[in-house]
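Asker: I'm passing along run_17.txt; it holds compact mmCIF, C-alpha atoms.
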```
# COMPACT_ATOMS: atom_id res chain seq x y z
CA MET D 246 343.73 105.15 97.45
CA GLU D 247 346.28 107.71 98.59
CA GLU D 248 347.95 107.68 95.16
CA TRP D 249 344.69 108.34 93.33
CA LYS D 250 343.76 111.87 92.28
CA GLU D 251 340.40 113.15 91.13
CA TYR D 252 340.06 115.10 87.88
CA LYS D 253 337.31 116.29 85.62
CA LEU D 254 337.37 114.19 82.48
CA GLY D 255 337.82 117.33 80.39
CA GLU D 256 341.06 118.07 82.25
CA ILE D 257 342.73 114.85 81.12
CA CYS D 258 341.40 114.65 77.55
CA THR D 259 342.70 116.28 74.39
CA LYS D 260 339.43 115.74 72.50
CA ILE D 261 335.76 115.47 73.48
CA GLY D 262 333.34 116.15 70.64
CA SER D 263 330.77 114.82 68.21
CA GLY D 264 330.26 115.27 64.48
CA ALA D 265 327.36 115.62 62.05
CA THR D 266 325.38 113.79 59.40
CA PRO D 267 326.00 114.87 55.79
CA LYS D 268 323.20 117.10 54.50
CA GLY D 269 320.37 114.95 53.23
CA GLY D 270 320.60 112.31 55.96
CA LYS D 271 321.42 108.69 55.33
CA GLU D 272 320.39 108.92 51.67
CA ALA D 273 323.33 111.30 51.20
CA TYR D 274 326.00 108.72 52.07
CA LEU D 275 327.94 108.58 48.83
CA GLY D 276 330.23 105.71 49.70
CA GLY D 277 333.99 105.95 49.71
CA ASP D 278 336.90 105.02 51.90
CA THR D 279 335.91 106.81 55.12
CA SER D 280 333.65 105.22 57.72
CA LEU D 281 330.90 107.36 59.25
CA ILE D 282 330.31 105.84 62.66
CA ARG D 283 326.80 106.16 64.07
CA SER D 284 325.25 105.17 67.37
CA GLN D 285 324.17 101.77 66.02
CA ASN D 286 327.86 100.90 65.55
CA VAL D 287 328.77 101.61 69.19
CA LEU D 288 327.89 98.77 71.55
CA ASP D 289 328.99 98.22 75.13
CA PHE D 290 332.68 97.22 74.97
CA SER D 291 332.46 96.30 71.28
CA PHE D 292 332.06 97.78 67.82
CA SER D 293 329.31 96.67 65.44
CA TRP D 294 329.87 96.63 61.70
CA ASP D 295 326.13 96.33 61.04
CA GLY D 296 324.99 99.23 58.90
CA LEU D 297 328.36 101.01 58.95
CA ALA D 298 328.06 103.93 56.52
CA TYR D 299 330.77 105.23 54.20
CA ILE D 300 331.33 108.75 52.91
CA ASP D 301 333.50 110.17 50.14
CA ASP D 302 336.52 112.44 50.48
CA GLU D 303 334.51 115.65 50.06
CA GLN D 304 332.04 114.67 52.79
CA ALA D 305 334.86 113.50 55.04
CA ALA D 306 336.67 116.82 54.63
CA LYS D 307 333.64 118.66 56.01
CA LEU D 308 333.99 116.54 59.15
CA ASN D 309 337.72 117.01 59.64
CA GLY D 310 337.02 118.33 63.14
CA VAL D 311 336.03 114.82 64.19
CA ILE D 312 338.74 112.67 62.63
CA ILE D 313 338.99 109.49 64.67
CA GLU D 314 342.44 108.37 65.75
CA SER D 315 343.61 104.88 66.66
CA GLY D 316 342.49 103.94 70.17
CA ASP D 317 339.83 106.64 70.51
CA VAL D 318 336.90 105.93 72.81
CA LEU D 319 333.46 106.34 71.25
CA LEU D 320 330.50 107.29 73.45
CA ASN D 321 326.87 107.39 72.34
CA ILE D 322 325.34 110.67 73.51
CA THR D 323 321.70 110.59 72.35
CA GLY D 324 318.71 108.29 72.04
CA ASP D 325 317.96 104.83 73.35
CA SER D 326 321.59 103.73 73.03
CA VAL D 327 322.93 106.66 75.07
CA ALA D 328 325.99 105.88 77.26
CA ARG D 329 327.13 102.85 75.25
CA SER D 330 330.87 103.02 74.66
CA CYS D 331 333.69 101.16 72.97
CA VAL D 332 337.18 101.67 71.53
CA VAL D 333 337.25 102.15 67.77
CA PRO D 334 338.85 99.20 65.95
CA GLU D 335 341.86 99.99 63.80
CA SER D 336 340.19 98.36 60.80
CA ALA D 337 337.36 100.95 60.85
CA LEU D 338 339.79 103.80 60.10
CA PRO D 339 339.81 106.29 58.45
CA ALA D 340 336.60 107.38 60.12
CA ARG D 341 334.42 110.23 61.34
CA VAL D 342 331.48 110.30 63.78
CA ASN D 343 328.01 111.77 63.39
CA GLN D 344 326.19 113.98 65.89
CA HIS D 345 325.02 111.06 68.03
CA VAL D 346 328.53 109.83 68.89
CA SER D 347 331.26 111.62 70.80
CA ILE D 348 335.00 111.02 70.53
CA VAL D 349 336.71 110.86 73.93
CA ARG D 350 340.50 110.97 73.55
CA GLY D 351 342.73 110.96 76.60
CA ASP D 352 345.97 112.82 77.12
CA ALA D 353 348.43 109.92 76.87
CA SER D 354 350.70 111.48 79.50
CA LYS D 355 347.91 111.24 82.08
CA VAL D 356 345.44 108.51 81.17
CA LEU D 357 345.04 105.39 79.02
CA ASN D 358 342.16 105.42 76.55
CA ASP D 359 341.26 101.90 77.63
CA TYR D 360 341.05 103.15 81.20
CA ILE D 361 338.62 105.87 80.06
CA LEU D 362 336.49 103.19 78.37
CA TYR D 363 336.27 101.12 81.55
CA PHE D 364 335.57 104.25 83.58
CA LEU D 365 332.66 105.19 81.27
CA GLN D 366 331.27 101.66 81.54
CA TYR D 367 331.64 101.84 85.33
CA LYS D 368 329.73 105.15 85.32
CA LYS D 369 327.08 104.04 82.82
CA PRO D 370 324.19 103.98 85.35
CA TYR D 371 325.08 107.54 86.35
CA LEU D 372 325.40 108.60 82.69
CA LEU D 373 321.98 107.15 81.93
CA SER D 374 320.38 109.08 84.79
CA LEU D 375 322.25 112.22 83.74
CA SER D 376 321.00 111.88 80.15
CA GLN D 377 317.39 111.86 81.29
CA GLY D 378 317.56 115.37 82.75
CA GLY D 379 314.12 116.51 81.70
CA ALA D 380 314.56 116.46 77.92
CA THR D 381 312.20 114.53 75.66
CA ARG D 382 315.16 112.62 74.21
CA ASN D 383 317.95 111.11 76.29
CA ALA D 384 321.10 113.13 75.73
CA LEU D 385 324.57 113.75 77.12
CA THR D 386 326.09 117.15 76.41
CA LYS D 387 329.75 117.97 75.89
CA GLY D 388 329.70 119.82 79.20
CA MET D 389 328.29 116.82 81.06
CA ILE D 390 331.06 114.60 79.72
CA GLU D 391 333.79 117.13 80.47
CA ASP D 392 332.55 117.59 84.05
CA LEU D 393 332.57 113.88 84.90
CA LEU D 394 334.77 113.33 87.94
CA ILE D 395 337.24 110.50 87.40
CA PRO D 396 339.44 109.11 90.22
CA LEU D 397 342.75 108.44 88.52
CA PRO D 398 345.61 106.25 89.77
CA PRO D 399 349.14 106.53 88.32
CA LEU D 400 349.64 105.22 84.78
CA SER D 401 351.32 102.07 86.12
CA LYS D 402 348.21 101.14 88.12
CA GLN D 403 345.94 102.09 85.22
CA THR D 404 347.94 99.64 83.12
CA ASP D 405 347.47 96.87 85.71
CA ILE D 406 343.72 97.48 85.98
CA VAL D 407 343.29 97.59 82.21
CA ARG D 408 345.38 94.41 81.83
CA ILE D 409 342.99 92.42 84.04
CA LEU D 410 339.79 93.72 82.47
CA LYS D 411 341.15 93.56 78.94
CA SER D 412 342.30 89.96 79.39
CA LEU D 413 338.64 89.05 79.82
CA ASP D 414 337.59 91.18 76.86
CA ASP D 415 340.34 89.61 74.75
CA LYS D 416 338.97 86.14 75.51
CA ILE D 417 335.52 87.37 74.52
CA GLU D 418 337.00 88.73 71.28
CA VAL D 419 338.67 85.37 70.53
CA ASN D 420 335.30 83.65 70.94
CA ARG D 421 333.72 86.24 68.66
CA ARG D 422 336.30 85.55 65.94
CA ILE D 423 335.82 81.78 66.30
CA ASN D 424 332.08 82.26 65.97
CA ASP D 425 332.56 84.44 62.90
CA ASN D 426 334.45 81.56 61.31
CA LEU D 427 331.78 79.04 62.34
CA GLU D 428 329.07 81.29 60.91
CA GLN D 429 330.98 81.52 57.63
CA GLN D 430 331.14 77.72 57.55
CA ALA D 431 327.40 77.52 58.19
CA GLN D 432 326.72 80.06 55.44
CA ALA D 433 328.95 78.16 53.00
CA LEU D 434 327.10 74.92 53.80
CA PHE D 435 323.74 76.63 53.25
CA LYS D 436 324.88 78.13 49.95
CA SER D 437 326.19 74.77 48.74
CA TRP D 438 322.91 73.01 49.51
CA PHE D 439 320.23 75.60 48.82
CA VAL D 440 321.72 78.15 46.41
CA ASP D 441 324.14 76.13 44.27
CA PHE D 442 322.28 72.81 44.89
CA GLU D 443 325.61 70.95 44.78
CA PRO D 444 324.40 67.71 46.48
CA PHE D 445 321.45 67.51 44.06
CA ARG D 446 323.02 68.24 40.67
CA ASP D 447 322.47 64.69 39.45
CA GLN D 448 318.73 64.98 40.10
CA PRO D 449 316.09 66.37 37.71
CA PHE D 450 315.25 70.06 38.16
CA VAL D 451 311.95 71.81 37.50
CA GLU D 452 310.95 75.42 36.92
CA SER D 453 309.42 77.34 39.84
CA GLU D 454 308.47 80.96 40.49
CA LEU D 455 311.81 81.27 42.32
CA GLY D 456 313.84 79.66 39.52
CA MET D 457 314.98 76.11 38.88
CA ILE D 458 314.72 73.79 41.91
CA PRO D 459 315.22 70.04 42.43
CA GLU D 460 312.20 67.96 41.45
CA GLY D 461 309.90 67.32 44.43
CA TRP D 462 310.80 70.59 46.13
CA ARG D 463 308.28 73.42 46.09
CA VAL D 464 307.82 77.08 46.92
CA GLY D 465 306.04 77.95 50.16
CA THR D 466 305.31 80.99 52.29
CA LEU D 467 306.92 81.49 55.67
CA THR D 468 303.59 80.61 57.26
CA SER D 469 303.93 77.12 55.78
CA PHE D 470 306.97 76.54 58.01
CA GLY D 471 305.35 77.44 61.33
CA LYS D 472 303.37 79.90 63.39
CA ILE D 473 304.29 83.57 63.13
CA ILE D 474 303.94 85.91 66.10
CA CYS D 475 304.48 89.65 66.19
CA GLY D 476 305.61 90.74 69.65
CA LYS D 477 304.02 93.31 71.90
CA THR D 478 305.18 95.61 74.70
CA PRO D 479 303.24 95.12 77.96
CA SER D 480 301.84 98.31 79.44
CA LYS D 481 304.58 100.54 80.83
CA ALA D 482 301.92 101.93 83.17
CA GLU D 483 302.18 98.63 85.09
CA PRO D 484 305.64 98.52 86.72
CA SER D 485 304.74 95.12 88.15
CA TYR D 486 304.94 93.71 84.61
CA TYR D 487 308.71 94.22 84.53
CA GLY D 488 311.79 93.17 86.45
CA GLY D 489 311.42 89.40 86.49
CA ASP D 490 313.25 86.56 84.74
CA MET D 491 311.37 86.32 81.43
CA PRO D 492 313.49 87.77 78.58
CA PHE D 493 311.80 90.65 76.74
CA ILE D 494 313.79 90.87 73.53
CA LYS D 495 314.13 94.09 71.56
CA ILE D 496 316.22 94.94 68.51
CA PRO D 497 319.28 96.14 70.50
CA ASP D 498 319.42 92.66 72.09
CA MET D 499 319.80 91.09 68.62
CA HIS D 500 322.94 92.81 67.35
CA ASN D 501 326.08 90.75 66.67
CA LYS D 502 324.83 87.40 67.86
CA VAL D 503 323.22 84.21 66.61
CA PHE D 504 321.60 83.21 69.91
CA VAL D 505 319.80 85.60 72.26
CA GLU D 506 320.40 84.27 75.78
CA GLN D 507 319.38 87.32 77.76
CA SER D 508 317.85 90.74 77.26
CA GLU D 509 318.32 94.20 78.67
CA ASP D 510 314.73 94.20 79.94
CA ASN D 511 312.84 91.31 81.50
CA LEU D 512 309.20 90.66 82.27
CA SER D 513 307.80 89.48 85.56
CA GLN D 514 305.38 86.56 85.82
CA LEU D 515 302.54 89.11 85.73
CA GLY D 516 303.98 90.69 82.59
CA ASP D 517 304.26 87.29 80.96
CA GLU D 518 300.72 86.33 81.93
CA SER D 519 299.35 89.64 80.64
CA GLN D 520 299.99 88.50 77.04
CA PRO D 521 300.30 84.69 76.94
CA ALA D 522 299.61 84.61 73.19
CA LYS D 523 302.87 86.51 72.64
CA ARG D 524 305.04 84.01 74.51
CA ILE D 525 307.53 82.23 72.24
CA PRO D 526 309.24 78.89 72.96
CA PRO D 527 313.02 78.40 72.96
CA TYR D 528 314.81 78.09 69.62
CA SER D 529 312.34 80.11 67.59
CA ILE D 530 313.53 82.39 64.76
CA LEU D 531 313.41 86.13 65.53
CA VAL D 532 313.51 88.70 62.71
CA SER D 533 313.62 92.47 63.19
CA CYS D 534 311.01 94.01 60.90
CA ILE D 535 310.61 97.69 61.85
CA ALA D 536 313.19 100.48 61.51
CA THR D 537 316.23 98.17 61.67
CA VAL D 538 315.11 95.38 59.33
CA GLY D 539 316.75 92.03 58.72
CA LEU D 540 318.50 91.08 61.97
CA VAL D 541 317.94 87.35 62.57
CA CYS D 542 318.49 85.53 65.87
CA ILE D 543 317.45 82.42 67.76
CA ASN D 544 316.23 82.66 71.36
CA THR D 545 317.50 80.05 73.83
CA LYS D 546 314.82 80.58 76.50
CA GLU D 547 311.08 81.03 76.59
CA SER D 548 310.72 84.72 75.79
CA HIS D 549 308.66 87.67 74.64
CA THR D 550 309.60 90.29 72.04
CA ASN D 551 308.39 93.78 71.33
CA GLN D 552 306.31 94.73 68.30
CA GLN D 553 309.35 95.42 66.11
CA ILE D 554 310.12 91.69 65.87
CA ASN D 555 308.32 88.91 64.01
CA THR D 556 309.00 85.39 65.23
CA ILE D 557 308.62 82.08 63.43
CA ILE D 558 307.91 79.10 65.69
CA PRO D 559 308.98 76.22 63.42
CA ASP D 560 306.55 73.33 63.06
CA PHE D 561 309.51 70.94 63.26
CA PRO D 562 312.97 71.39 64.83
CA PHE D 563 314.69 70.45 61.56
CA PHE D 564 313.30 73.64 59.95
CA ARG D 565 315.27 75.80 62.39
CA TYR D 566 318.69 76.35 60.84
CA TYR D 567 317.38 76.33 57.28
CA LEU D 568 314.99 79.16 58.19
CA TYR D 569 317.68 81.01 60.10
CA GLN D 570 320.13 80.94 57.19
CA LYS D 571 317.45 81.64 54.57
CA LEU D 572 316.19 84.73 56.39
CA LEU D 573 319.76 85.97 56.83
CA SER D 574 320.28 85.61 53.09
CA ILE D 575 317.29 87.81 52.13
CA LYS D 576 318.10 90.87 54.26
CA ASP D 577 318.15 93.17 51.22
CA TYR D 578 314.80 91.78 50.05
CA LEU D 579 313.33 92.39 53.52
CA ASN D 580 314.58 95.98 53.44
CA ASN D 581 313.00 96.56 50.04
CA LEU D 582 309.72 95.09 51.28
CA GLY D 583 309.82 97.38 54.28
CA ARG D 584 310.15 100.61 52.33
CA GLY D 585 306.54 100.74 51.15
CA GLY D 586 306.55 104.50 50.76
CA THR D 587 306.81 105.19 54.49
CA ALA D 588 309.56 107.02 56.31
CA THR D 589 310.17 104.06 58.64
CA LEU D 590 310.96 100.59 57.32
CA ASN D 591 308.15 98.21 58.25
CA VAL D 592 307.60 94.59 57.22
CA ASN D 593 304.30 93.87 58.96
CA THR D 594 303.30 90.38 60.03
CA LYS D 595 301.03 89.76 57.04
CA ILE D 596 303.69 90.80 54.53
CA PHE D 597 306.30 88.82 56.45
CA GLY D 598 304.22 85.66 56.58
CA ASN D 599 303.55 85.79 52.84
CA ILE D 600 307.23 85.88 51.88
CA LYS D 601 307.90 82.97 49.53
CA ILE D 602 310.96 80.78 49.89
CA ILE D 603 312.04 77.38 48.58
CA ARG D 604 310.61 74.44 50.57
CA PRO D 605 313.03 71.49 50.25
CA LEU D 606 311.88 67.95 51.01
CA ASP D 607 311.73 67.12 54.72
CA ASN D 608 314.37 64.39 54.44
CA VAL D 609 316.74 66.96 52.87
CA LEU D 610 316.14 69.40 55.73
CA LEU D 611 316.74 66.60 58.24
CA GLU D 612 320.10 65.78 56.63
CA TYR D 613 321.03 69.47 56.51
CA GLU D 614 320.10 69.92 60.17
CA GLU D 615 322.42 67.05 61.14
CA LEU D 616 325.33 68.77 59.39
CA ALA D 617 324.54 72.29 60.59
CA THR D 618 323.72 71.51 64.23
CA PRO D 619 327.32 70.87 65.43
CA LEU D 620 328.36 74.27 64.04
CA PHE D 621 325.52 76.06 65.80
CA ASN D 622 326.11 74.12 69.03
CA MET D 623 329.70 75.39 69.08
CA ILE D 624 328.51 78.95 68.40
CA GLU D 625 326.04 78.73 71.28
CA SER D 626 328.68 77.28 73.62
CA ASN D 627 331.13 80.08 72.79
CA GLN D 628 328.43 82.68 73.36
CA GLN D 629 327.68 81.17 76.77
CA GLU D 630 331.36 81.28 77.73
CA SER D 631 331.60 84.90 76.58
CA ARG D 632 328.56 85.78 78.66
CA ARG D 633 330.20 84.26 81.77
CA LEU D 634 333.42 86.17 81.06
CA ALA D 635 331.44 89.39 80.63
CA GLN D 636 329.67 88.80 83.95
CA LEU D 637 333.04 88.34 85.67
CA ARG D 638 334.36 91.53 84.04
CA ASP D 639 331.25 93.45 85.09
CA THR D 640 331.66 92.20 88.65
CA LEU D 641 335.32 93.24 88.83
CA LEU D 642 334.87 96.54 86.99
CA PRO D 643 333.31 98.71 89.72
CA ARG D 644 335.54 97.25 92.42
CA LEU D 645 338.74 97.88 90.47
CA MET D 646 337.72 101.31 89.22
CA SER D 647 336.76 102.48 92.71
CA GLY D 648 339.91 101.10 94.33
CA GLU D 649 337.82 98.76 96.49
CA ILE D 650 340.06 95.84 95.55
CA LYS D 651 343.70 95.88 94.48
CA VAL D 652 345.04 94.35 91.33
CA GLY D 653 347.13 91.87 93.33
CA ASP D 654 343.99 90.51 94.94
CA VAL D 655 342.48 89.41 91.62
CA THR D 656 343.09 85.87 90.36
CA LEU D 657 341.63 84.88 87.02
```
Translate the structure of the given file into structure tokens.
Answerer:
Amino acid sequence: MEEWKEYKLGEICTKIGSGATPKGGKEAYLGGDTSLIRSQNVLDFSFSWDGLAYIDDEQAAKLNGVIIESGDVLLNITGDSVARSCVVPESALPARVNQHVSIVRGDASKVLNDYILYFLQYKKPYLLSLSQGGATRNALTKGMIEDLLIPLPPLSKQTDIVRILKSLDDKIEVNRRINDNLEQQAQALFKSWFVDFEPFRDQPFVESELGMIPEGWRVGTLTSFGKIICGKTPSKAEPSYYGGDMPFIKIPDMHNKVFVEQSEDNLSQLGDESQPAKRIPPYSILVSCIATVGLVCINTKESHTNQQINTIIPDFPFFRYYLYQKLLSIKDYLNNLGRGGTATLNVNTKIFGNIKIIRPLDNVLLEYEELATPLFNMIESNQQESRRLAQLRDTLLPRLMSGEIKVGDVTL
């Protein structure tokens, strides 16, 4: 590593800083052409469009000190998502950041922004420990970020390191785009069958409390489709409950995916056995119902969730993709249900279970499942490949960033 030199991050950056939320909080977002990027939009290595806010020109002008430029690195600096980082996508511009997100912009004559991103991901465990420095809320300060020591090779070697790591991320991005297309196909199929009723137009229709529906269909509550379980967090006072192989799914695990294959936290066998009634079988339907309402996913392994998630365990497998698509389609309705006069959105289990949706005939749902399943199988397969690619990237990352292995030693 004789060619590597150590700098403070602040010495090789032209911008490190966070923004603010327009006065009045989220209710003050007036819409417009400028994105206001918040911590929920910054995931590890990727950007989430879920809940992206927009502000008008006047609001944007008040945040001109945090104008985001193409290629900027975004770093979450407060809360449960602290230390997550990604590069802003070009399509999100023009944009500003709020007070929970910092812009980290390298001096192009010294460092690549992509190299900074991989460095921050490499240092994430350290950043997490740094953020917990005695405060009640996890936080990284501007000074902490500026003082980070970064071993820096010449730009040519940075380019080589980034090329290897980014080739894996690019493959993950291709899978993401393919899955976006598959999801659009699945949504179009659902709309054709259960919104526009195209395959059933030659049949008689009858009036229902949810509008006209094919004769023989009915309206039912979610509880009529299966058992509903609200998750629970095992006691944090029992460390032995955690650290095993049983997924413990929370809302951050649900972003930007159809299938949840793994979770940030896991329960041990003791943790699982401490609340057996909360255990959910594979391929159940998970719906976020507190704070962030309306995310819908399907778990692929026996799992637990926390109390912010309601899960439907379908009575029959052929209910699965109908329920998944239907719950996706009523996100706005779920949000309105959750308002209830409280500061935090909350669709409790009773309210959730009593939601009424159309109940097609079982033979219709069987036919729909046969058409939808190949699409969802491809989505799940692509997610699995992306997970393997991410594991390879995460294995190479610390070794490349520390100089432990050379670029020429890596074969993909």
Asker: Hey, what's within 12 Å of Asp560 of chain D if we count all atoms listed in the file and toss same-chain stuff fewer than 5 positions away? As an mmCIF file with C-alpha atoms, in the frame of the given file, please?
Answerer:
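Wrote around04.cif, looks like this:
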```
data_model
loop_
_atom_site.group_PDB
_atom_site.id
_atom_site.type_symbol
_atom_site.label_atom_id
_atom_site.label_comp_id
_atom_site.auth_asym_id
_atom_site.auth_seq_id
_atom_site.Cartn_x
_atom_site.Cartn_y
_atom_site.Cartn_z
ATOM 1 C CA LEU D 467 306.920 81.490 55.670
ATOM 2 C CA THR D 468 303.590 80.610 57.260
ATOM 3 C CA SER D 469 303.930 77.120 55.780
ATOM 4 C CA PHE D 470 306.970 76.540 58.010
ATOM 5 C CA GLY D 471 305.350 77.440 61.330
ATOM 6 C CA LYS D 472 303.370 79.900 63.390
ATOM 7 C CA ILE D 473 304.290 83.570 63.130
ATOM 8 C CA PRO D 526 309.240 78.890 72.960
ATOM 9 C CA TYR D 528 314.810 78.090 69.620
ATOM 10 C CA SER D 529 312.340 80.110 67.590
ATOM 11 C CA ILE D 530 313.530 82.390 64.760
ATOM 12 C CA ARG D 565 315.270 75.800 62.390
ATOM 13 C CA LEU D 568 314.990 79.160 58.190
ATOM 14 C CA ASP D 607 311.730 67.120 54.720
#
```
Asker: Work out how far apart atom CA of Glu452 of chain D and atom CA of Ile603 of chain D are and give it in Å to one decimal.
Answerer: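 Taking atom CA of Glu452 of chain D as the start and atom CA of Ile603 of chain D as the end point, the length is 11.9 Å.
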Asker: Can you work out which one of D:Val440, D:Leu385, D:Asp577, D:Leu515 has the shortest atom-to-atom distance to Asp325 of chain D, counting all atoms listed in the file?
Answerer: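 Answer, going by the shortest atom-to-atom distance: D:Leu385.
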Asker: Under the rule that all atoms listed in the file are counted, which of D:Ile554, D:Ala328, D:Val652, D:Leu400 is the nearest residue to Lys477 of chain D?
Answerer: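 When distances to Lys477 of chain D are compared using all atoms listed in the file, the smallest one comes from D:Ile554.
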Asker: Env of Gln366 of chain D: 12 Å cut, atoms = only C-alpha atoms, seq-sep filter 3 positions within chain, self excluded. Answer as a ChimeraX atom specification.
Answerer: /D:288-291,318-321,327-332,359-363,369-373,410,638-643,646
Asker: Report the closest atom pair, with its distance in Å rounded to one decimal, for each residue of segment 277-331 of chain D that has an atom no farther than 10 Å from segment 536-541 of chain D; count all atoms listed in the file, sort by chain and then rising residue number, and write it as JSON lines.
Answerer:
```
{"residue": "D:Gln285", "atom": "CA", "partner": "D:Thr537", "partner_atom": "CA", "distance": 9.7}
{"residue": "D:Asp295", "atom": "CA", "partner": "D:Leu540", "partner_atom": "CA", "distance": 9.3}
{"residue": "D:Gly296", "atom": "CA", "partner": "D:Thr537", "partner_atom": "CA", "distance": 9.2}
```
Asker: Just to confirm, what's the straight-line distance from atom CA of Pro619 of chain D to atom CA of Arg604 of chain D in Å (one decimal)?
Answerer: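 So the answer is 22.6 Å.
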Asker: I need every residue sitting at most 10 Å from the point (307.6, 80.7, 47.9) (coordinates as in the file, all atoms listed in the file considered), written as a PyMOL selection string.
Answerer: chain D and resi 453-455+463-467+469+599-604
Asker: Please determine, counting all atoms listed in the file, which residue among D:Gly276, D:Pro605, D:Gly324, D:Gly255 has the shortest atom-to-atom distance to Ile458 of chain D.
Answerer: D:Pro605
